[in-house]
Every structure is written in C-alpha cells, then in structure tokens.
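As provided, run35.cif (mmCIF, C-alpha atoms and all ligand atoms) reads as follows.
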data_model
loop_
_atom_site.label_atom_id
_atom_site.label_comp_id
_atom_site.auth_asym_id
_atom_site.auth_seq_id
_atom_site.Cartn_x
_atom_site.Cartn_y
_atom_site.Cartn_z
CA MET A 1 140.70 130.79 105.12
CA ASP A 2 140.38 127.11 106.03
CA MET A 3 138.50 125.23 103.38
CA GLU A 4 136.95 121.81 103.92
CA ARG A 5 136.67 119.30 101.09
CA ILE A 6 133.43 117.52 101.96
CA ASP A 7 133.70 113.74 101.96
CA GLY A 8 130.38 112.62 100.49
CA LYS A 9 131.40 108.97 100.58
CA ALA A 10 131.94 109.05 104.34
CA ILE A 11 128.60 110.78 105.01
CA ALA A 12 126.85 108.31 102.70
CA SER A 13 128.52 105.38 104.43
CA GLU A 14 127.20 106.53 107.79
CA ILE A 15 123.66 106.79 106.42
CA LYS A 16 123.84 103.37 104.77
CA ASN A 17 125.21 101.83 107.98
CA GLY A 18 122.25 103.33 109.85
CA VAL A 19 119.83 101.84 107.31
CA LYS A 20 121.56 98.46 107.57
CA GLU A 21 121.30 98.50 111.36
CA LYS A 22 117.61 99.37 111.26
CA ILE A 23 116.91 96.63 108.71
CA ASN A 24 118.75 94.17 110.94
CA ASN A 25 116.98 95.22 114.12
CA GLU A 26 113.49 95.75 112.77
CA TYR A 27 113.23 93.10 110.07
CA ILE A 28 116.00 90.49 109.78
CA SER A 29 116.31 89.71 113.49
CA LYS A 30 112.52 89.46 113.79
CA GLY A 31 112.14 87.24 110.73
CA ARG A 32 110.12 89.96 108.96
CA GLU A 33 110.25 90.75 105.29
CA VAL A 34 113.07 93.19 104.42
CA PRO A 35 112.43 96.21 102.15
CA THR A 36 112.97 95.61 98.44
CA LEU A 37 113.79 98.29 95.88
CA CYS A 38 112.88 97.77 92.25
CA CYS A 39 114.70 99.78 89.56
CA ILE A 40 113.14 99.95 86.13
CA ILE A 41 115.71 100.59 83.43
CA VAL A 42 114.89 101.26 79.81
CA GLU A 43 118.01 100.07 78.00
CA GLY A 44 120.20 102.30 75.83
CA ASN A 45 121.82 104.73 78.26
CA ALA A 46 125.31 103.77 79.44
CA ALA A 47 125.28 106.10 82.47
CA SER A 48 121.95 104.65 83.63
CA GLU A 49 123.50 101.17 83.65
CA ILE A 50 126.23 102.42 86.00
CA TYR A 51 123.71 104.12 88.31
CA VAL A 52 121.45 101.07 88.50
CA ALA A 53 124.43 98.79 89.24
CA SER A 54 125.52 101.06 92.10
CA LYS A 55 121.97 101.10 93.51
CA GLU A 56 121.84 97.30 93.40
CA LYS A 57 125.19 97.12 95.19
CA ALA A 58 123.97 99.51 97.89
CA CYS A 59 120.80 97.45 98.44
CA LYS A 60 122.93 94.35 99.03
CA ALA A 61 125.24 96.24 101.39
CA CYS A 62 122.24 97.43 103.44
CA GLY A 63 120.63 93.96 103.62
CA MET A 64 117.82 95.12 101.38
CA GLY A 65 116.23 93.20 98.52
CA SER A 66 116.86 94.45 95.00
CA LYS A 67 115.07 93.78 91.75
CA ILE A 68 115.87 95.18 88.33
CA VAL A 69 113.33 95.23 85.52
CA ARG A 70 115.02 95.76 82.14
CA LEU A 71 113.00 96.95 79.21
CA PRO A 72 114.09 97.33 75.58
CA ASN A 73 114.74 100.84 74.26
CA ASP A 74 111.65 100.61 72.02
CA VAL A 75 109.30 99.56 74.84
CA SER A 76 105.82 100.95 74.25
CA GLN A 77 104.12 103.36 76.63
CA GLU A 78 101.45 100.75 77.35
CA GLN A 79 104.01 98.05 78.14
CA LEU A 80 105.86 100.36 80.51
CA LEU A 81 102.66 101.38 82.30
CA GLY A 82 101.73 97.69 82.56
CA VAL A 83 105.08 96.92 84.23
CA ILE A 84 104.51 99.73 86.73
CA ASP A 85 100.97 98.49 87.46
CA ASP A 86 102.34 95.02 88.21
CA LEU A 87 105.00 96.43 90.56
CA ASN A 88 102.45 98.65 92.31
CA ALA A 89 100.36 95.54 93.00
CA ASP A 90 103.34 93.39 94.07
CA ASP A 91 103.46 93.29 97.88
CA SER A 92 107.10 92.19 97.86
CA ILE A 93 108.19 95.56 96.37
CA SER A 94 108.63 98.49 98.76
CA GLY A 95 109.96 101.16 96.39
CA ILE A 96 109.91 101.68 92.62
CA LEU A 97 112.55 103.80 90.91
CA LEU A 98 112.30 104.64 87.24
CA GLN A 99 115.86 105.29 86.11
CA LEU A 100 115.98 108.58 84.21
CA PRO A 101 116.19 109.69 81.49
CA ILE A 102 113.65 107.62 79.58
CA PRO A 103 113.54 107.64 75.76
CA LYS A 104 111.72 110.55 74.10
CA HIS A 105 108.84 108.43 72.73
CA LEU A 106 107.70 107.82 76.33
CA ASP A 107 105.66 110.41 78.23
CA TYR A 108 107.61 111.33 81.39
CA PHE A 109 104.69 112.72 83.42
CA LYS A 110 102.29 109.94 82.46
CA THR A 111 104.91 107.33 83.38
CA ILE A 112 106.13 108.82 86.66
CA ASN A 113 102.58 109.42 87.84
CA ARG A 114 101.64 105.80 87.26
CA ILE A 115 103.96 104.85 90.15
CA SER A 116 101.96 104.44 93.34
CA PRO A 117 102.82 107.40 95.62
CA ALA A 118 103.29 104.84 98.42
CA LYS A 119 106.14 103.27 96.42
CA ASP A 120 107.48 106.44 94.75
CA VAL A 121 110.93 106.25 96.28
CA ASP A 122 112.35 109.32 94.50
CA CYS A 123 109.28 111.43 95.42
CA LEU A 124 108.58 112.52 91.84
CA THR A 125 104.86 111.86 91.46
CA ASN A 126 102.66 114.96 91.46
CA GLU A 127 101.09 113.79 94.72
CA ASN A 128 104.42 113.44 96.51
CA LEU A 129 105.83 116.66 95.04
CA GLY A 130 102.69 118.40 96.30
CA LYS A 131 103.38 117.05 99.78
CA LEU A 132 107.00 118.16 99.48
CA PHE A 133 105.97 121.69 98.61
CA ALA A 134 103.44 121.69 101.47
CA TYR A 135 106.19 120.59 103.92
CA ASN A 136 104.10 117.48 104.59
CA HIS A 137 106.33 114.78 103.11
CA LYS A 138 107.64 111.44 104.32
CA VAL A 139 110.44 111.29 101.75
CA ALA A 140 112.05 113.82 99.40
CA PRO A 141 113.90 113.42 96.09
CA CYS A 142 117.11 111.56 96.96
CA THR A 143 119.65 114.08 95.64
CA ALA A 144 117.87 117.01 97.26
CA SER A 145 117.62 115.34 100.66
CA GLY A 146 121.24 114.15 100.29
CA ILE A 147 122.32 117.79 99.93
CA ILE A 148 120.51 118.69 103.17
CA LYS A 149 122.28 115.77 104.90
CA ILE A 150 125.62 117.12 103.67
CA LEU A 151 124.87 120.58 105.06
CA GLN A 152 123.72 119.10 108.37
CA SER A 153 126.79 116.89 108.63
CA GLN A 154 128.95 120.01 108.09
CA LYS A 155 127.01 121.68 110.93
CA VAL A 156 125.90 124.41 108.55
CA ASP A 157 123.12 126.32 110.28
CA ILE A 158 120.71 126.62 107.34
CA ALA A 159 118.15 128.82 109.12
CA GLY A 160 118.50 132.48 108.21
CA LYS A 161 121.16 131.83 105.56
CA ARG A 162 120.90 133.10 102.02
CA ALA A 163 120.87 130.13 99.65
CA VAL A 164 121.08 130.31 95.88
CA VAL A 165 120.19 127.28 93.76
CA VAL A 166 121.29 127.30 90.13
CA GLY A 167 119.01 124.93 88.18
CA ARG A 168 115.24 124.46 88.51
CA SER A 169 114.58 120.81 87.63
CA LEU A 170 111.96 118.96 89.67
CA LEU A 171 114.52 116.24 90.38
CA VAL A 172 117.17 118.53 91.88
CA GLY A 173 116.91 122.35 91.74
CA LYS A 174 113.28 122.94 92.71
CA SER A 175 113.30 120.15 95.28
CA VAL A 176 116.44 121.26 97.06
CA ALA A 177 115.25 124.87 97.00
CA ASN A 178 112.08 123.72 98.73
CA LEU A 179 113.96 121.74 101.37
CA LEU A 180 116.27 124.69 102.05
CA GLU A 181 113.26 126.93 102.48
CA GLU A 182 111.64 124.35 104.76
CA ASN A 183 114.84 124.60 106.82
CA ASN A 184 114.34 128.38 106.97
CA ALA A 185 116.94 129.56 104.47
CA THR A 186 116.05 132.49 102.22
CA VAL A 187 116.23 130.94 98.79
CA THR A 188 116.72 132.26 95.26
CA VAL A 189 116.39 129.89 92.30
CA CYS A 190 118.28 130.71 89.08
CA HIS A 191 118.03 129.13 85.64
CA SER A 192 119.16 129.56 82.05
CA LYS A 193 117.17 132.78 81.57
CA THR A 194 118.51 134.44 84.73
CA THR A 195 120.30 137.69 83.98
CA ASN A 196 123.39 138.76 85.92
CA LEU A 197 123.76 135.28 87.39
CA ALA A 198 127.09 136.00 89.10
CA GLU A 199 125.60 139.00 90.89
CA ILE A 200 123.00 136.71 92.46
CA THR A 201 125.25 133.73 93.19
CA LYS A 202 127.73 136.05 94.88
CA THR A 203 125.12 136.78 97.55
CA ALA A 204 124.91 133.11 98.55
CA ASP A 205 126.08 131.76 101.90
CA ILE A 206 125.06 128.37 100.49
CA LEU A 207 125.43 127.89 96.74
CA ILE A 208 123.94 124.77 95.12
CA VAL A 209 124.74 124.19 91.46
CA ALA A 210 122.76 121.68 89.36
CA ILE A 211 122.93 122.66 85.70
CA GLY A 212 124.90 120.01 83.83
CA LYS A 213 127.63 122.31 82.41
CA PRO A 214 131.23 121.34 83.18
CA LYS A 215 133.20 123.86 85.28
CA PHE A 216 130.58 126.56 84.62
CA ILE A 217 130.85 128.15 88.06
CA THR A 218 134.20 129.86 88.61
CA ALA A 219 135.48 131.96 91.51
CA ASP A 220 133.78 135.04 89.98
CA TYR A 221 130.40 133.54 90.95
CA VAL A 222 131.21 132.79 94.58
CA LYS A 223 131.15 134.84 97.77
CA GLU A 224 134.21 134.49 100.00
CA GLY A 225 133.53 131.82 102.65
CA ALA A 226 130.43 130.31 100.99
CA VAL A 227 129.52 126.62 101.22
CA VAL A 228 129.39 125.28 97.67
CA ILE A 229 127.56 122.09 96.69
CA ASP A 230 128.26 120.84 93.18
CA VAL A 231 125.57 118.46 91.93
CA GLY A 232 126.74 118.29 88.31
CA ILE A 233 127.87 115.05 86.74
CA ASN A 234 129.38 115.70 83.32
CA ARG A 235 130.99 112.77 81.55
CA THR A 236 133.87 114.15 79.49
CA ASP A 237 137.00 112.71 77.88
CA ALA A 238 138.84 113.91 80.99
CA GLY A 239 136.51 111.88 83.23
CA ILE A 240 133.57 112.93 85.41
CA ILE A 241 133.53 116.67 86.00
CA GLY A 242 131.22 118.83 88.09
CA ASP A 243 129.45 122.09 87.26
CA VAL A 244 131.89 123.96 89.50
CA ASP A 245 135.52 124.65 88.59
CA TYR A 246 136.78 123.07 91.82
CA ASP A 247 140.39 124.27 91.73
CA ASP A 248 139.38 127.85 90.99
CA VAL A 249 136.50 128.00 93.48
CA ALA A 250 137.64 125.87 96.44
CA PRO A 251 140.16 128.36 97.93
CA HIS A 252 137.33 130.90 98.29
CA THR A 253 134.91 128.59 100.11
CA SER A 254 134.55 127.40 103.69
CA ALA A 255 133.44 123.98 102.42
CA ILE A 256 132.88 122.44 99.00
CA THR A 257 131.86 119.07 97.56
CA PRO A 258 134.15 117.45 95.00
CA VAL A 259 132.96 115.60 91.89
CA PRO A 260 133.07 112.65 92.05
CA GLY A 261 132.78 111.76 95.74
CA GLY A 262 130.46 114.60 96.84
CA VAL A 263 126.72 114.57 96.22
CA GLY A 264 126.60 111.38 94.12
CA PRO A 265 127.12 108.90 97.00
CA LEU A 266 124.46 110.72 99.05
CA THR A 267 121.88 110.21 96.30
CA VAL A 268 122.31 106.45 96.59
CA ALA A 269 122.36 106.52 100.41
CA MET A 270 119.13 108.53 100.54
CA LEU A 271 117.54 106.09 98.11
CA MET A 272 118.21 103.35 100.66
CA ASP A 273 116.82 105.51 103.45
CA ASN A 274 113.70 106.37 101.44
CA THR A 275 113.07 102.71 100.56
CA LEU A 276 113.18 101.80 104.25
CA THR A 277 110.85 104.71 105.11
CA LEU A 278 108.27 103.65 102.50
CA HIS A 279 108.52 99.99 103.57
CA ARG A 280 107.91 100.91 107.22
CA ASP A 281 105.10 103.19 106.24
CA ARG A 282 103.31 100.55 104.17
CA LEU A 283 103.92 97.50 106.35
CA GLY A 284 104.61 99.00 109.76
P1 LIG A 301 118.20 119.42 83.98
O1 LIG A 301 118.80 119.44 82.62
O2 LIG A 301 116.85 118.84 84.19
O3 LIG A 301 118.14 120.93 84.53
C1 LIG A 301 119.21 121.80 84.37
C2 LIG A 301 118.85 123.14 84.94
O4 LIG A 301 119.97 124.00 84.79
C3 LIG A 301 117.68 123.82 84.23
O5 LIG A 301 116.81 124.39 85.17
C4 LIG A 301 118.35 124.90 83.37
O6 LIG A 301 117.59 126.07 83.21
C5 LIG A 301 119.57 125.22 84.23
N1 LIG A 301 120.64 125.77 83.42
C6 LIG A 301 121.19 125.25 82.29
N2 LIG A 301 122.15 126.06 81.82
C7 LIG A 301 122.22 127.11 82.66
C8 LIG A 301 123.01 128.29 82.71
N3 LIG A 301 123.91 128.54 81.76
N4 LIG A 301 122.81 129.14 83.71
C9 LIG A 301 121.88 128.92 84.67
N5 LIG A 301 121.10 127.81 84.69
C10 LIG A 301 121.27 126.93 83.69
O7 LIG A 301 119.28 118.73 84.91
P2 LIG A 301 119.15 118.03 86.36
O8 LIG A 301 118.65 119.01 87.34
O9 LIG A 301 118.50 116.73 86.25
O10 LIG A 301 120.70 117.75 86.64
C11 LIG A 301 121.64 118.79 86.74
C12 LIG A 301 123.03 118.19 86.87
O11 LIG A 301 123.08 117.41 88.05
C13 LIG A 301 123.41 117.25 85.74
O12 LIG A 301 124.79 117.35 85.52
C14 LIG A 301 123.08 115.87 86.28
O13 LIG A 301 123.87 114.85 85.71
C15 LIG A 301 123.45 116.08 87.73
N6 LIG A 301 122.77 115.18 88.65
C16 LIG A 301 123.54 114.63 89.64
C17 LIG A 301 122.98 113.82 90.57
C18 LIG A 301 123.84 113.30 91.66
O14 LIG A 301 123.47 112.36 92.31
N7 LIG A 301 125.01 113.90 91.90
C19 LIG A 301 121.57 113.44 90.52
C20 LIG A 301 120.82 114.13 89.49
C21 LIG A 301 121.42 114.95 88.58
P3 LIG A 301 116.18 126.08 82.39
O15 LIG A 301 115.17 125.50 83.33
O16 LIG A 301 115.96 127.52 82.11
O17 LIG A 301 116.40 125.25 81.16
#
Would you put the structure from the file into structure tokens?
Amino acid sequence: MDMERIDGKAIASEIKNGVKEKINNEYISKGREVPTLCCIIVEGNAASEIYVASKEKACKACGMGSKIVRLPNDVSQEQLLGVIDDLNADDSISGILLQLPIPKHLDYFKTINRISPAKDVDCLTNENLGKLFAYNHKVAPCTASGIIKILQSQKVDIAGKRAVVVGRSLLVGKSVANLLEENNATVTVCHSKTTNLAEITKTADILIVAIGKPKFITADYVKEGAVVIDVGINRTDAGIIGDVDYDDVAPHTSAITPVPGGVGPLTVAMLMDNTLTLHRDRLG
C-alpha cells in the first residue's frame, strides 16, 4: 500500500503565508494596527523556552507583533493574575498565551480563566471550551485545530469515519475529539484506564495519539490503511520522539505524521491564525 509521510512544515507554511497576506492586506497596507500576540512564560522549563522562541519567530514571519512577559519560577499567584489583568486591559494585545506547564504552586484553572475569553488564543478558558463543545466557537485549541487542518490538507473525508483519540487532555485529546465529532466522525476517546486499548485503536480509520509515551503505539494497535496522527513530543537522549513507533507503524498506514515535522509546526501556525481571528473579532 502507498503510504504518505505528511509534511507538517509545508502545511504550516501555507497557513502562515495566508495569515501574512491577510495581515498585509487588511492591516499593514491600510496603516491599521497589526495583531500582537503576548506569551507569558514562567521561567524554569527548558522546552517552554524553545516553544516561546518559535512562536516569537512565527509572529515576526507573519508580520505580527510579539511580546513576551517573563516571570520568575517563584512568581506568586497574585502577581501572575495581576500580569494577566494588565494584558487583558492593554488594547495593543490581541491574544494572550500562557505557556504550559506552569509550576505546581500556581492554580491552573484559576490562572487560565483569568485570561479574557476575547484574548484567549489557545481557547482554554471555560467559556471558550464551552463554546467549542457547543460547536459555537471562533477559535479552537491550536494543536487540535492543526490536526483538522492536516486531515483536510490530506483530503481525508472526516465525515462518517471512525476516529479514535488516545489521550483526553483539554489541550489536545478532548479538543480534537470534539472537532472530529463536529466534522461528523464517530469518535472514541481512550485514556490510561482504557482496557483492551489495541482492540479499540484497531477500529480507527483515523487514529490520533496524544499521550506523551515514546513509541507507545506499534503496528499491533493500527488498522491497515489508517491515517495516523502522532501528537507526542518526548524529549529523549535519542532526540525528540513521538508516541507512535513510526518505522513499525508507517508501512501499515495510508498517511502518517512524523515527529518532529508533523503536528508541531501546525500548532504554531494555528496560533498565528487564532491571533488574527481574535484581533479581527475585537477590532474589526
Ligand atoms: P497530558 O499528560 O495532559 O495527557 C496525556 C493523556 O494520555 C491523558 O489523558 C492520559 O490518560 C493518557 N495516557 C497516558 N498514558 C496512557 C496509556 N498508557 N494509554 C492510554 N492513554 C494514556 O498530555 P497532553 O495531552 O498535554 O500531551 C500529550 C502529548 O502531546 C505530550 O507528548 C505532549 O508533549 C504532546 N503535545 C504536542 C503538541 C504539539 O504541538 N505537537 C502540543 C501539545 C502537546 P489519563 O487521563 O487517564 O491520565
């Protein structure tokens, strides 16, 4: 069977070029204020530094403004909420992204929900997640909507397909499951307490894996001809490795994303797209 290695970088590039063109046409050429993304980073996580740097680079490439607010690892809850309040009130900021994870002494839900839903660029506030689950959303979590873009760019007809999502985080698993269902797939969500996981994943026409366990999914978990999307990013001594054992699984698929170079670039591209959407929505 012909297998396609999905080029996430190329799909992401196309999306970012589209964002750049819109920013040029709608804002720069008309002398209007361009969208600006603000990333808040609580220091102490090496991977977060890499992610924030790549988001800043993408903003520049799209002609978007970028601001980074760095906070010390021992920042207090009150200080962090104060920073978010200031950014919510700052008219020059279109989107606010809190780089995750945040240290354990900070309350995730309290912090995320302090972000104004109008500036919640990763769609993680309760209000925006509610809209996502009601199919009434303007943006969706970047990784989840990036996965849908990948499937669309591969001309995968999602409607009527059986999709299995392994992982149920709000950030990835639950959100992508919801988007797949919105696109009329029949969706099953699996997690660490799922029994007979392989039996379920083997029914998937579209298999999405977001668990954070290197090479966990082998050929035994995959139906012949499935489309497999590997969200995992596992930093190991051997480099960055996905949740799917690519070499074992790929020959059995019709299309599969590699790690790196699959879903990751789409997450950044969709962040740019979401920032533009929120900017337009707020300022017209
Ligand atoms: P979380 O740790 O929040 O969630 C992991 C999920 O996987 C949980 O629902 C957990 O189940 C489930 N899980 C863990 N072990 C198993 C198992 N053995 N069998 C079945 N399910 C299991 O992770 P995230 O969703 O935030 O991220 C998942 C992966 O995706 C990570 O590697 C992360 O780095 C990567 N990621 C990549 C992005 C990208 O842009 N490419 C963006 C965001 C994340 P339970 O709920 O029962 O604990």
Residue neighbourhood Val176 of chain A, 12 Å, only C-alpha atoms, exclusion window fewer than 4 positions, as a count of residues only: 39
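Among A:Arg70, A:Arg32, A:Lys60, A:Lys55, the residue with the shortest atom-to-atom distance to ligand LIG 301 (chain A), counting all atoms listed in the file, is A:Lys55.
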Exercise: Asn184 of chain A partners within 7 Å, all atoms listed in the file, chain neighbours under 6 positions left out, as a PyMOL selection string: chain A and resi 158-160
Atom C15 of ligand LIG 301 (chain A) to atom CA of Leu197 of chain A, distance in Å rounded to a single decimal: 19.2 Å
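Going from atom CA of Val69 of chain A over to atom CA of Asn234 of chain A, you cover 26.1 Å.
The closest residue to Glu14 of chain A, picked from A:Val228, A:Cys62, A:Val83, A:Ile40 and counting all atoms listed in the file, is A:Cys62.
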Straight-line distance linking atom CA of Lys193 of chain A with atom O4 of ligand LIG 301 (chain A), stated in Å to one decimal: 9.8 Å
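When only C-alpha atoms and all ligand atoms are used to measure the gap to ligand LIG 301 (chain A), the shortest distance among A:Arg280, A:Lys223, A:Lys161, A:Lys9 belongs to A:Lys9.
When only C-alpha atoms and all ligand atoms are used to compute distances to ligand LIG 301 (chain A), the closest of the residues A:Thr203, A:Thr195, A:Thr186, A:Thr275 turns out to be A:Thr195.
For Pro101 of chain A, the residues within 9 Å (counting all atoms listed in the file, excluding itself and residues fewer than 6 positions away along the chain) are A:Val42, A:Asn45, A:Ser48, A:Tyr108.
Nearest to Arg235 of chain A of all the residues A:Ile68, A:Ile112, A:Val139, A:Ala47 is A:Ala47, counting only C-alpha atoms.
With all atoms listed in the file as the atoms that count, the minimum distance from Thr36 of chain A to the choices A:Ala198, A:Met272, A:Val259, A:Val75 is reached by A:Met272.
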Skipping near chain neighbours, those fewer than 3 positions away, what residues fall within 8 Å of Glu4 of chain A using all atoms listed in the file, listed as a JSON list (two decimals) with C-alpha atoms, keeping the file's coordinate frame?
[["chain", "number", "residue", "atom", "x", "y", "z"],
["A", 254, "SER", "CA", 134.55, 127.40, 103.69],
["A", 255, "ALA", "CA", 133.44, 123.98, 102.42],
["A", 256, "ILE", "CA", 132.88, 122.44, 99.00]]
Shell around segment 78-81 of chain A at 9 Å using all atoms listed in the file, local window under 4 positions removed, as number ranges by chain: A: 71, 85-86, 106, 110-111, 114-115
Expected residue set, 8 Å radius at (104.7, 106.9, 100.4), all atoms listed in the file, as an MDAnalysis selection string: chainID A and resid 116:121 128 138:139 278 281:282
